[in-house]
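Structure file run_22.txt with compact mmCIF, C-alpha atoms:
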```txt
# COMPACT_ATOMS: atom_id res chain seq x y z
CA MET A 13 107.76 112.99 82.71
CA LYS A 14 106.89 110.91 79.66
CA LYS A 15 103.99 108.52 80.24
CA ILE A 16 103.63 105.36 78.23
CA ALA A 17 101.13 102.48 78.31
CA ILE A 18 101.71 99.01 76.90
CA ILE A 19 98.38 97.30 76.31
CA VAL A 20 98.96 93.57 76.02
CA ALA A 21 96.50 91.76 73.80
CA GLY A 22 98.67 88.85 72.76
CA GLY A 23 97.99 85.25 73.43
CA SER A 24 95.75 82.96 71.46
CA GLY A 25 96.01 82.98 67.71
CA LEU A 26 93.18 83.86 65.39
CA ARG A 27 93.00 80.46 63.79
CA MET A 28 90.23 79.19 61.61
CA GLY A 29 87.49 77.70 63.70
CA SER A 30 88.83 78.93 67.01
CA GLU A 31 86.92 81.45 69.08
CA LEU A 32 87.44 85.14 68.57
CA PRO A 33 89.87 86.38 71.25
CA LYS A 34 88.03 88.24 74.02
CA GLN A 35 89.73 91.58 73.29
CA PHE A 36 87.87 91.76 69.97
CA LEU A 37 84.42 90.91 71.30
CA LEU A 38 81.86 93.69 71.46
CA LEU A 39 81.26 95.50 74.72
CA ASN A 40 78.51 98.11 74.63
CA GLY A 41 78.67 97.84 70.84
CA ARG A 42 82.43 98.24 70.36
CA PRO A 43 85.47 95.94 70.64
CA VAL A 44 86.76 95.50 74.19
CA LEU A 45 90.23 96.74 73.21
CA MET A 46 88.94 100.12 72.07
CA HIS A 47 87.44 100.74 75.51
CA THR A 48 90.73 99.79 77.13
CA LEU A 49 92.84 102.12 74.97
CA GLU A 50 90.38 104.97 75.49
CA GLN A 51 90.51 104.73 79.26
CA PHE A 52 94.26 105.39 79.18
CA LYS A 53 93.84 108.29 76.77
CA LYS A 54 91.14 109.80 79.00
CA ALA A 55 93.29 109.38 82.10
CA ILE A 56 96.50 110.78 80.55
CA PRO A 57 95.74 112.84 77.42
CA ASP A 58 99.38 112.99 76.24
CA ILE A 59 100.04 109.27 76.81
CA HIS A 60 102.08 107.23 74.32
CA LEU A 61 99.95 104.15 73.63
CA ILE A 62 101.53 100.89 72.53
CA LEU A 63 99.32 97.96 71.58
CA VAL A 64 100.97 94.54 71.54
CA LEU A 65 99.14 92.12 69.26
CA PRO A 66 100.05 88.80 67.67
CA ASP A 67 101.19 89.27 64.07
CA ALA A 68 98.17 87.29 62.88
CA HIS A 69 95.78 89.82 64.46
CA PHE A 70 97.19 93.01 62.90
CA ASP A 71 94.98 93.01 59.80
CA TYR A 72 91.89 92.11 61.74
CA TRP A 73 92.53 94.94 64.19
CA MET A 74 93.05 97.45 61.36
CA GLU A 75 89.76 96.31 59.88
CA LEU A 76 88.02 96.84 63.23
CA CYS A 77 89.57 100.31 63.55
CA SER A 78 88.21 101.16 60.13
CA THR A 79 84.75 99.70 60.79
CA TYR A 80 84.38 101.43 64.14
CA LYS A 81 86.12 104.64 63.01
CA PHE A 82 88.59 104.28 65.85
CA ARG A 83 90.94 107.25 65.46
CA LEU A 84 92.93 107.04 68.68
CA MET A 85 96.62 107.10 67.75
CA HIS A 86 98.57 104.08 68.97
CA GLU A 87 101.69 102.22 68.03
CA MET A 88 101.40 98.54 67.15
CA VAL A 89 104.00 96.00 68.21
CA ILE A 90 104.15 92.28 67.43
CA GLY A 91 103.58 90.01 70.44
CA GLY A 92 105.77 87.10 71.51
CA GLY A 93 105.15 83.48 72.45
CA THR A 94 104.30 84.29 76.08
CA ARG A 95 103.00 87.34 77.92
CA PHE A 96 106.56 87.97 79.14
CA HIS A 97 107.86 88.08 75.59
CA SER A 98 104.97 90.27 74.44
CA VAL A 99 105.68 92.81 77.17
CA LYS A 100 109.38 92.65 76.38
CA ASN A 101 108.66 93.46 72.72
CA GLY A 102 106.57 96.39 73.87
CA LEU A 103 109.34 97.66 76.14
CA ASP A 104 111.98 97.22 73.42
CA SER A 105 109.94 99.43 71.11
CA ILE A 106 110.11 102.39 73.51
CA LYS A 107 112.58 105.00 72.30
CA GLU A 108 112.14 107.50 75.15
CA PRO A 109 115.13 107.45 77.54
CA ALA A 110 113.02 107.83 80.69
CA GLY A 111 109.44 107.89 81.90
CA ILE A 112 106.74 105.86 83.60
CA VAL A 113 105.28 102.89 81.78
CA ALA A 114 101.99 101.20 82.59
CA ILE A 115 101.57 97.59 81.51
CA HIS A 116 97.93 96.60 81.21
CA ASP A 117 95.81 93.64 80.10
CA GLY A 118 93.89 94.42 76.93
CA VAL A 119 90.93 92.52 78.36
CA ARG A 120 90.52 94.84 81.36
CA PRO A 121 88.47 97.60 79.71
CA LEU A 122 86.73 98.66 82.94
CA VAL A 123 89.77 100.07 84.71
CA SER A 124 88.83 103.50 86.05
CA ILE A 125 90.48 106.73 84.96
CA GLU A 126 91.20 107.55 88.61
CA ALA A 127 92.98 104.23 89.17
CA ILE A 128 95.17 104.77 86.10
CA GLN A 129 96.09 108.28 87.24
CA GLU A 130 96.79 107.10 90.78
CA ALA A 131 99.06 104.32 89.53
CA PHE A 132 101.11 106.72 87.39
CA GLU A 133 101.41 109.22 90.25
CA GLN A 134 102.49 106.63 92.78
CA ALA A 135 104.96 105.03 90.36
CA ALA A 136 106.60 108.45 89.95
CA GLU A 137 107.12 108.47 93.71
CA PHE A 138 107.74 104.80 94.54
CA LYS A 139 109.18 103.54 91.20
CA THR A 140 106.54 100.78 91.02
CA ALA A 141 102.76 100.94 91.51
CA ILE A 142 100.66 97.82 91.13
CA LEU A 143 96.87 97.79 91.31
CA SER A 144 95.51 95.26 93.78
CA VAL A 145 92.37 94.50 95.76
CA ALA A 146 91.65 92.62 98.97
CA SER A 147 90.24 89.11 98.66
CA LYS A 148 86.50 88.95 99.32
CA ASP A 149 86.83 85.26 100.19
CA SER A 150 88.53 83.69 103.15
CA VAL A 151 91.96 82.51 102.09
CA ARG A 152 94.11 79.55 103.10
CA VAL A 153 97.76 78.99 102.26
CA VAL A 154 98.93 75.46 101.42
CA GLU A 155 102.30 74.32 102.76
CA GLY A 156 103.08 70.72 101.81
CA MET A 157 100.31 68.52 103.21
CA ASN A 158 98.97 71.25 105.48
CA ASN A 159 97.22 74.52 105.01
CA GLN A 160 96.39 77.42 107.26
CA SER A 161 94.22 80.48 107.28
CA ILE A 162 95.84 83.81 106.56
CA ALA A 163 94.40 87.17 107.60
CA ARG A 164 92.35 88.37 104.67
CA GLU A 165 93.87 91.87 104.80
CA LYS A 166 97.32 90.39 104.14
CA VAL A 167 96.24 88.91 100.83
CA ARG A 168 96.21 91.14 97.76
CA LEU A 169 94.78 89.95 94.46
CA ILE A 170 96.78 91.56 91.69
CA GLN A 171 95.32 93.46 88.75
CA THR A 172 96.69 95.74 86.07
CA PRO A 173 97.80 98.40 85.24
CA GLN A 174 101.18 97.77 86.79
CA CYS A 175 103.27 100.95 86.52
CA PHE A 176 107.04 101.15 86.61
CA GLU A 177 109.92 103.54 86.07
CA LEU A 178 110.98 102.80 82.52
CA GLY A 179 114.62 102.04 83.35
CA LEU A 180 113.66 99.72 86.19
CA ILE A 181 111.26 97.58 84.19
CA LYS A 182 113.52 97.44 81.13
CA LYS A 183 116.29 96.19 83.41
CA ALA A 184 113.95 93.60 84.96
CA PHE A 185 112.98 92.28 81.52
CA GLU A 186 116.64 91.60 80.70
CA GLN A 187 116.27 88.45 82.82
CA ASP A 188 115.72 85.11 81.17
CA TYR A 189 112.11 84.00 81.03
CA ASN A 190 110.87 81.99 83.99
CA GLY A 191 107.56 80.12 84.15
CA LYS A 192 107.03 81.62 87.62
CA PHE A 193 106.51 85.07 86.14
CA THR A 194 102.74 85.39 86.48
CA ASP A 195 102.73 89.15 86.04
CA ASP A 196 105.10 92.07 85.51
CA ALA A 197 105.47 92.77 89.23
CA SER A 198 106.86 89.26 89.68
CA VAL A 199 109.44 90.00 86.96
CA ALA A 200 110.48 93.23 88.72
CA GLU A 201 110.57 91.45 92.08
CA ALA A 202 112.79 88.68 90.72
CA ALA A 203 115.21 91.38 89.55
CA GLY A 204 115.42 92.65 93.13
CA PHE A 205 113.06 95.62 93.01
CA SER A 206 110.51 96.16 95.75
CA ILE A 207 106.87 96.35 94.81
CA HIS A 208 104.54 99.14 95.83
CA LEU A 209 100.82 98.28 95.90
CA VAL A 210 98.04 100.70 95.02
CA GLU A 211 94.32 100.26 95.70
CA GLY A 212 92.54 98.87 92.65
CA HIS A 213 88.80 98.32 92.28
CA TYR A 214 86.62 95.24 91.87
CA GLU A 215 84.97 96.41 88.63
CA ASN A 216 88.38 96.16 86.93
CA ILE A 217 87.66 92.60 85.85
CA LYS A 218 89.65 90.56 83.36
CA ILE A 219 87.37 89.29 80.61
CA THR A 220 88.22 85.64 80.10
CA THR A 221 84.87 83.85 79.91
CA PRO A 222 81.55 84.58 78.14
CA GLU A 223 80.07 85.30 81.60
CA ASP A 224 82.76 87.92 82.25
CA LEU A 225 81.71 89.73 79.11
CA VAL A 226 78.08 89.87 80.21
CA LEU A 227 79.18 91.12 83.61
CA ALA A 228 81.37 93.76 81.94
CA GLU A 229 78.39 94.84 79.86
CA LEU A 230 76.34 95.31 83.04
CA LEU A 231 79.10 97.22 84.77
CA ILE A 232 79.74 99.53 81.85
CA LYS A 233 76.04 100.33 81.53
CA LYS A 234 75.81 101.00 85.26
CA LYS A 235 78.79 103.35 84.95
CA THR A 236 77.22 105.18 82.04
CA ALA A 237 73.96 105.52 84.00
CA ASP A 238 75.71 106.96 87.08
CA MET B 6 75.94 58.13 109.02
CA LYS B 7 73.49 60.97 109.59
CA LYS B 8 73.97 63.89 107.19
CA ILE B 9 72.92 67.39 108.14
CA ALA B 10 73.18 70.76 106.39
CA ILE B 11 73.01 74.14 108.08
CA ILE B 12 72.12 76.81 105.52
CA VAL B 13 73.05 80.20 106.91
CA ALA B 14 70.89 83.05 105.71
CA GLY B 15 71.28 85.39 108.66
CA GLY B 16 72.77 88.82 108.57
CA SER B 17 71.03 91.99 107.56
CA GLY B 18 67.59 92.69 109.00
CA LEU B 19 64.50 93.15 106.87
CA ARG B 20 63.97 96.76 107.93
CA MET B 21 61.65 99.19 106.30
CA GLY B 22 63.33 100.91 103.42
CA SER B 23 66.35 98.62 103.35
CA GLU B 24 67.05 96.38 100.39
CA LEU B 25 65.66 92.87 100.28
CA PRO B 26 68.40 90.47 101.44
CA LYS B 27 69.98 88.66 98.50
CA GLN B 28 68.78 85.22 99.62
CA PHE B 29 65.19 86.26 98.89
CA LEU B 30 65.80 87.73 95.44
CA LEU B 31 64.52 85.81 92.45
CA LEU B 32 66.89 83.60 90.51
CA ASN B 33 65.37 81.93 87.46
CA GLY B 34 61.98 82.95 88.84
CA ARG B 35 62.35 81.62 92.40
CA PRO B 36 64.03 82.87 95.60
CA VAL B 37 67.76 82.17 95.78
CA LEU B 38 67.37 80.26 99.04
CA MET B 39 65.04 77.68 97.50
CA HIS B 40 67.68 76.80 94.91
CA THR B 41 70.27 76.44 97.66
CA LEU B 42 68.14 74.12 99.81
CA GLU B 43 67.19 72.01 96.79
CA GLN B 44 70.78 71.42 95.78
CA PHE B 45 71.46 69.77 99.15
CA LYS B 46 68.29 67.69 98.92
CA LYS B 47 69.25 66.54 95.42
CA ALA B 48 72.78 65.68 96.53
CA ILE B 49 71.75 63.82 99.69
CA PRO B 50 68.08 62.75 99.55
CA ASP B 51 67.85 61.84 103.26
CA ILE B 52 69.60 65.01 104.47
CA HIS B 53 68.38 66.89 107.55
CA LEU B 54 68.08 70.52 106.42
CA ILE B 55 68.39 73.36 108.90
CA LEU B 56 67.79 76.92 107.74
CA VAL B 57 69.14 79.67 109.99
CA LEU B 58 67.25 82.94 109.50
CA PRO B 59 66.92 86.13 111.53
CA ASP B 60 63.76 86.13 113.61
CA ALA B 61 62.46 89.09 111.57
CA HIS B 62 62.60 87.04 108.35
CA PHE B 63 60.61 83.99 109.49
CA ASP B 64 57.19 85.26 108.42
CA TYR B 65 58.46 86.54 105.11
CA TRP B 66 60.10 83.20 104.36
CA MET B 67 56.90 81.31 105.22
CA GLU B 68 55.04 83.61 102.87
CA LEU B 69 57.55 82.88 100.10
CA CYS B 70 57.25 79.14 100.74
CA SER B 71 53.50 79.44 100.35
CA THR B 72 53.66 81.65 97.24
CA TYR B 73 56.19 79.41 95.50
CA LYS B 74 54.65 76.16 96.81
CA PHE B 75 58.00 75.20 98.29
CA ARG B 76 57.39 71.84 99.97
CA LEU B 77 60.91 70.81 100.87
CA MET B 78 60.97 69.91 104.56
CA HIS B 79 63.44 71.95 106.60
CA GLU B 80 63.87 73.03 110.19
CA MET B 81 64.02 76.75 110.94
CA VAL B 82 66.38 78.17 113.54
CA ILE B 83 66.76 81.79 114.67
CA GLY B 84 70.05 83.43 113.67
CA GLY B 85 72.40 85.31 115.97
CA GLY B 86 74.14 88.67 115.81
CA THR B 87 77.07 87.40 113.74
CA ARG B 88 77.59 84.51 111.34
CA PHE B 89 79.42 82.67 114.12
CA HIS B 90 76.42 82.96 116.43
CA SER B 91 74.03 81.96 113.66
CA VAL B 92 76.01 78.80 112.93
CA LYS B 93 76.25 78.08 116.66
CA ASN B 94 72.45 78.32 116.98
CA GLY B 95 72.16 75.90 114.06
CA LEU B 96 74.59 73.46 115.67
CA ASP B 97 72.86 73.71 119.05
CA SER B 98 69.58 72.70 117.43
CA ILE B 99 71.01 69.37 116.24
CA LYS B 100 69.77 66.48 118.38
CA GLU B 101 71.58 63.67 116.55
CA PRO B 102 74.55 62.36 118.60
CA ALA B 103 76.85 61.94 115.58
CA GLY B 104 77.05 62.61 111.86
CA ILE B 105 78.52 64.91 109.25
CA VAL B 106 77.32 68.48 109.07
CA ALA B 107 77.73 70.81 106.11
CA ILE B 108 77.66 74.54 106.80
CA HIS B 109 76.73 76.55 103.72
CA ASP B 110 76.02 80.15 102.71
CA GLY B 111 72.37 80.62 101.75
CA VAL B 112 73.51 82.93 98.95
CA ARG B 113 75.53 80.22 97.16
CA PRO B 114 72.71 78.55 95.20
CA LEU B 115 74.96 77.36 92.36
CA VAL B 116 76.96 74.82 94.33
CA SER B 117 76.99 71.60 92.35
CA ILE B 118 75.48 68.34 93.55
CA GLU B 119 78.81 66.60 92.91
CA ALA B 120 80.71 69.10 95.08
CA ILE B 121 78.26 68.64 97.96
CA GLN B 122 78.54 64.84 97.73
CA GLU B 123 82.33 65.00 97.52
CA ALA B 124 82.54 67.25 100.58
CA PHE B 125 80.38 64.87 102.66
CA GLU B 126 82.40 61.86 101.52
CA GLN B 127 85.75 63.43 102.28
CA ALA B 128 84.58 64.76 105.66
CA ALA B 129 83.63 61.19 106.59
CA GLU B 130 87.24 60.21 105.90
CA PHE B 131 89.20 63.32 106.97
CA LYS B 132 86.82 64.80 109.61
CA THR B 133 86.80 68.16 107.78
CA ALA B 134 86.26 68.96 104.09
CA ILE B 135 86.27 72.54 102.89
CA LEU B 136 85.49 73.59 99.32
CA SER B 137 88.16 75.82 97.81
CA VAL B 138 89.43 76.99 94.43
CA ALA B 139 92.75 78.29 93.15
CA SER B 140 93.10 82.03 92.67
CA LYS B 141 92.83 83.11 89.03
CA ASP B 142 94.75 86.31 89.83
CA SER B 143 98.37 86.69 90.80
CA VAL B 144 98.57 87.04 94.57
CA ARG B 145 100.88 89.00 96.86
CA VAL B 146 101.16 88.67 100.62
CA VAL B 147 101.66 91.81 102.70
CA GLU B 148 104.04 91.65 105.66
CA GLY B 149 104.39 95.00 107.42
CA MET B 150 105.61 97.55 104.88
CA ASN B 151 106.60 94.91 102.35
CA ASN B 152 104.83 92.43 100.18
CA GLN B 153 105.87 89.49 98.12
CA SER B 154 104.51 87.24 95.47
CA ILE B 155 103.31 83.80 96.48
CA ALA B 156 102.97 80.84 94.13
CA ARG B 157 99.41 80.88 92.90
CA GLU B 158 98.93 77.16 93.53
CA LYS B 159 99.58 77.71 97.25
CA VAL B 160 96.66 80.09 97.58
CA ARG B 161 93.19 78.67 98.06
CA LEU B 162 90.11 80.85 98.02
CA ILE B 163 87.59 79.36 100.39
CA GLN B 164 83.96 78.61 99.57
CA THR B 165 81.18 76.67 101.22
CA PRO B 166 79.94 74.06 101.96
CA GLN B 167 82.38 73.35 104.74
CA CYS B 168 81.76 69.87 106.11
CA PHE B 169 82.72 68.60 109.55
CA GLU B 170 82.25 65.69 111.90
CA LEU B 171 79.44 66.83 114.12
CA GLY B 172 81.34 66.35 117.41
CA LEU B 173 84.40 68.19 116.10
CA ILE B 174 82.56 71.28 114.94
CA LYS B 175 80.33 71.42 118.03
CA LYS B 176 83.47 71.34 120.15
CA ALA B 177 85.05 74.10 118.02
CA PHE B 178 82.02 76.33 118.45
CA GLU B 179 82.34 76.13 122.24
CA GLN B 180 85.12 78.72 121.89
CA ASP B 181 84.39 82.37 122.58
CA TYR B 182 83.68 84.43 119.50
CA ASN B 183 86.70 86.05 117.84
CA GLY B 184 86.54 88.67 115.08
CA LYS B 185 89.19 86.68 113.20
CA PHE B 186 86.71 83.89 112.48
CA THR B 187 85.98 84.60 108.81
CA ASP B 188 84.50 81.16 108.17
CA ASP B 189 83.79 77.88 109.95
CA ALA B 190 87.12 76.34 108.98
CA SER B 191 88.90 79.13 110.86
CA VAL B 192 86.81 78.30 113.94
CA ALA B 193 87.78 74.63 113.68
CA GLU B 194 91.42 75.55 113.08
CA ALA B 195 91.50 77.82 116.15
CA ALA B 196 90.26 74.85 118.20
CA GLY B 197 93.27 72.85 117.02
CA PHE B 198 91.73 70.75 114.25
CA SER B 199 93.47 70.37 110.91
CA ILE B 200 91.64 71.42 107.80
CA HIS B 201 91.21 69.24 104.73
CA LEU B 202 90.59 71.06 101.46
CA VAL B 203 88.39 69.76 98.66
CA GLU B 204 88.22 71.07 95.09
CA GLY B 205 85.35 73.50 94.66
CA HIS B 206 84.22 75.13 91.44
CA TYR B 207 84.18 78.72 90.16
CA GLU B 208 80.44 78.76 89.41
CA ASN B 209 79.78 78.41 93.15
CA ILE B 210 79.61 82.18 93.57
CA LYS B 211 78.37 84.06 96.61
CA ILE B 212 75.62 86.45 95.60
CA THR B 213 76.39 89.75 97.31
CA THR B 214 75.87 92.41 94.62
CA PRO B 215 73.21 93.02 91.94
CA GLU B 216 75.84 92.02 89.35
CA ASP B 217 76.38 88.69 91.10
CA LEU B 218 72.68 87.95 90.74
CA VAL B 219 72.76 88.59 86.99
CA LEU B 220 75.83 86.39 86.69
CA ALA B 221 74.09 83.66 88.71
CA GLU B 222 71.10 83.91 86.37
CA LEU B 223 73.40 83.37 83.39
CA LEU B 224 75.17 80.44 85.00
CA ILE B 225 71.95 78.71 86.05
CA LYS B 226 70.51 79.06 82.53
CA LYS B 227 73.72 77.71 81.03
CA LYS B 228 73.53 74.74 83.42
CA THR B 229 69.91 74.06 82.50
CA ALA B 230 70.83 74.23 78.80
CA ASP B 231 73.71 71.74 79.19
```
Structure translated into structure tokens:
Amino acid sequence: MKKIAIIVAGGSGLRMGSELPKQFLLLNGRPVLMHTLEQFKKAIPDIHLILVLPDAHFDYWMELCSTYKFRLMHEMVIGGGTRFHSVKNGLDSIKEPAGIVAIHDGVRPLVSIEAIQEAFEQAAEFKTAILSVASKDSVRVVEGMNNQSIAREKVRLIQTPQCFELGLIKKAFEQDYNGKFTDDASVAEAAGFSIHLVEGHYENIKITTPEDLVLAELLIKKKTAD
Amino acid sequence: MKKIAIIVAGGSGLRMGSELPKQFLLLNGRPVLMHTLEQFKKAIPDIHLILVLPDAHFDYWMELCSTYKFRLMHEMVIGGGTRFHSVKNGLDSIKEPAGIVAIHDGVRPLVSIEAIQEAFEQAAEFKTAILSVASKDSVRVVEGMNNQSIAREKVRLIQTPQCFELGLIKKAFEQDYNGKFTDDASVAEAAGFSIHLVEGHYENIKITTPEDLVLAELLIKKKTAD
């Protein structure tokens, strides 16, 4: 079955004076995004890689690929105004009639090869496969003015990749955009599909702050040392 | 009103060959626990500080206090077999008839002075005040074989300090121990008290892995530089 990955690196524009988006920052000497793309290639050697980037970042990315001699073949697709629209553009670009597609945050370069493989395998069986981890913290759920504790094992913090049967997720993304869509699983759920969770791992962090990048650096060095 | 803080640093024994518990590791050149105790002293200058430690750690802690010339006055209480029993020992040691007591993880040295003050103030008004933050990740709740998304703003990840009216929390800790008690708020809730949440902050991390310690180091240096 055809396996596809949409790596979403949309979002903030590369405006003058603004910070460099996290996906372009250096991790272990190379841009975050290159690590992310490589993990998918290592996990699934014949994967079809699609990178969704804002139009304004295309040239910069090509420059980085040249500087870092990044030869990994990938398709580039223009992002939209929201993550939903970026993913939709990625899905619309897929010409294959069937397959399994992973949707993944560009700023999660530490996802393990095993987790990627597991997500693809389980999506082939269950139609959806979403990486998630248990909360390490106690959790409370707010209802109106009150709140109550919830058993920690019932709470799953959601990561990516999120894998889907291609037809299913294309169908789900035919819906109108809704601000409640916080991830792709919530889009599929709103379209009536049930969501199958797969065990993720804590190292699969999303790099959104300068501290996250330092932590990622530590984790990647630890991994290399293992 | 009398203000008391129980700093819980119980847990793993200091056995030969085992790792040094995180509360004793050096953060910015001094043991984690010293930072934690100082934050409470800075927030509430006339606070009554109680440190709960396993019996086996007393001598080592005294040694550290001597080495690092740590002069901050605090009472020492022997911990129990679980966090619940450690907190209970701390509460039992309190002679004051009334007041507000904060219960706090020894390995959360980065709690801000403002958050501590806010928690004490709100506990004086609402009887309980529990630090919590919103989840940055999408969250799903598992029910049997199914799971569903939950609005992110309804989910609160719980931190410490957790502040309580002294009488209320002493009463709550008269209950028998239950494995479901993941924090002190859940003990109070099980005794029938309602829980008031207060805004915490993301820097207030719990140091449980070597990576957490490096992150804490970064955050404390950033704070000092501000």
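Set the cut-off at 6 Å, count only C-alpha atoms, and the residues of chain A near chain B turn out to be Asp149, Ser150, Val151, Arg152, Val153, Val154, Lys166, Val167, Arg168, Leu169 and Ile170 of chain A.
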Please indicate the distance in Å from atom CA of A:Pro109 to atom CA of A:Asp188, rounded to one decimal place. 22.6 Å
Show which residues sit within 10 Å of B:Ile135, as a PDB file with C-alpha atoms, in the coordinates of the input. Count all atoms listed in the file, and ignore same-chain residues fewer than 5 positions away.
```pdb
ATOM      1  CA  ALA B 107      77.730  70.810 106.110  1.00  0.00           C
ATOM      2  CA  ILE B 108      77.660  74.540 106.800  1.00  0.00           C
ATOM      3  CA  ALA B 124      82.540  67.250 100.580  1.00  0.00           C
ATOM      4  CA  PHE B 125      80.380  64.870 102.660  1.00  0.00           C
ATOM      5  CA  GLN B 127      85.750  63.430 102.280  1.00  0.00           C
ATOM      6  CA  ALA B 128      84.580  64.760 105.660  1.00  0.00           C
ATOM      7  CA  ILE B 163      87.590  79.360 100.390  1.00  0.00           C
ATOM      8  CA  GLN B 164      83.960  78.610  99.570  1.00  0.00           C
ATOM      9  CA  THR B 165      81.180  76.670 101.220  1.00  0.00           C
ATOM     10  CA  PRO B 166      79.940  74.060 101.960  1.00  0.00           C
ATOM     11  CA  GLN B 167      82.380  73.350 104.740  1.00  0.00           C
ATOM     12  CA  CYS B 168      81.760  69.870 106.110  1.00  0.00           C
ATOM     13  CA  PHE B 169      82.720  68.600 109.550  1.00  0.00           C
ATOM     14  CA  ASP B 189      83.790  77.880 109.950  1.00  0.00           C
ATOM     15  CA  ALA B 190      87.120  76.340 108.980  1.00  0.00           C
ATOM     16  CA  ILE B 200      91.640  71.420 107.800  1.00  0.00           C
ATOM     17  CA  HIS B 201      91.210  69.240 104.730  1.00  0.00           C
ATOM     18  CA  LEU B 202      90.590  71.060 101.460  1.00  0.00           C
ATOM     19  CA  VAL B 203      88.390  69.760  98.660  1.00  0.00           C
ATOM     20  CA  GLU B 204      88.220  71.070  95.090  1.00  0.00           C
ATOM     21  CA  GLY B 205      85.350  73.500  94.660  1.00  0.00           C
TER      22      GLY B 205
END
```
Any idea what's packed within 8 Å of A:Leu63, counting all atoms listed in the file, ignoring anything in its chain fewer than 4 positions away? Could you give it as a PyMOL selection string? chain A and resi 18-21+86-89+102
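If you look at atom CA of A:Gly91 and atom CA of A:Lys139, they are 25.4 Å away from each other.
One finds atom CA of A:Leu178 at 10.7 Å from atom CA of A:Asp104.
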Box along x, y and z, 4 Å on every side, all listed atoms of stretch 216-227 of chain B inside: centre and edge lengths in Å to one decimal, as AutoDock Vina command-line options.
```
--center_x 73.4 --center_y 84.9 --center_z 86.1 --size_x 13.9 --size_y 22.3 --size_z 18.1
```
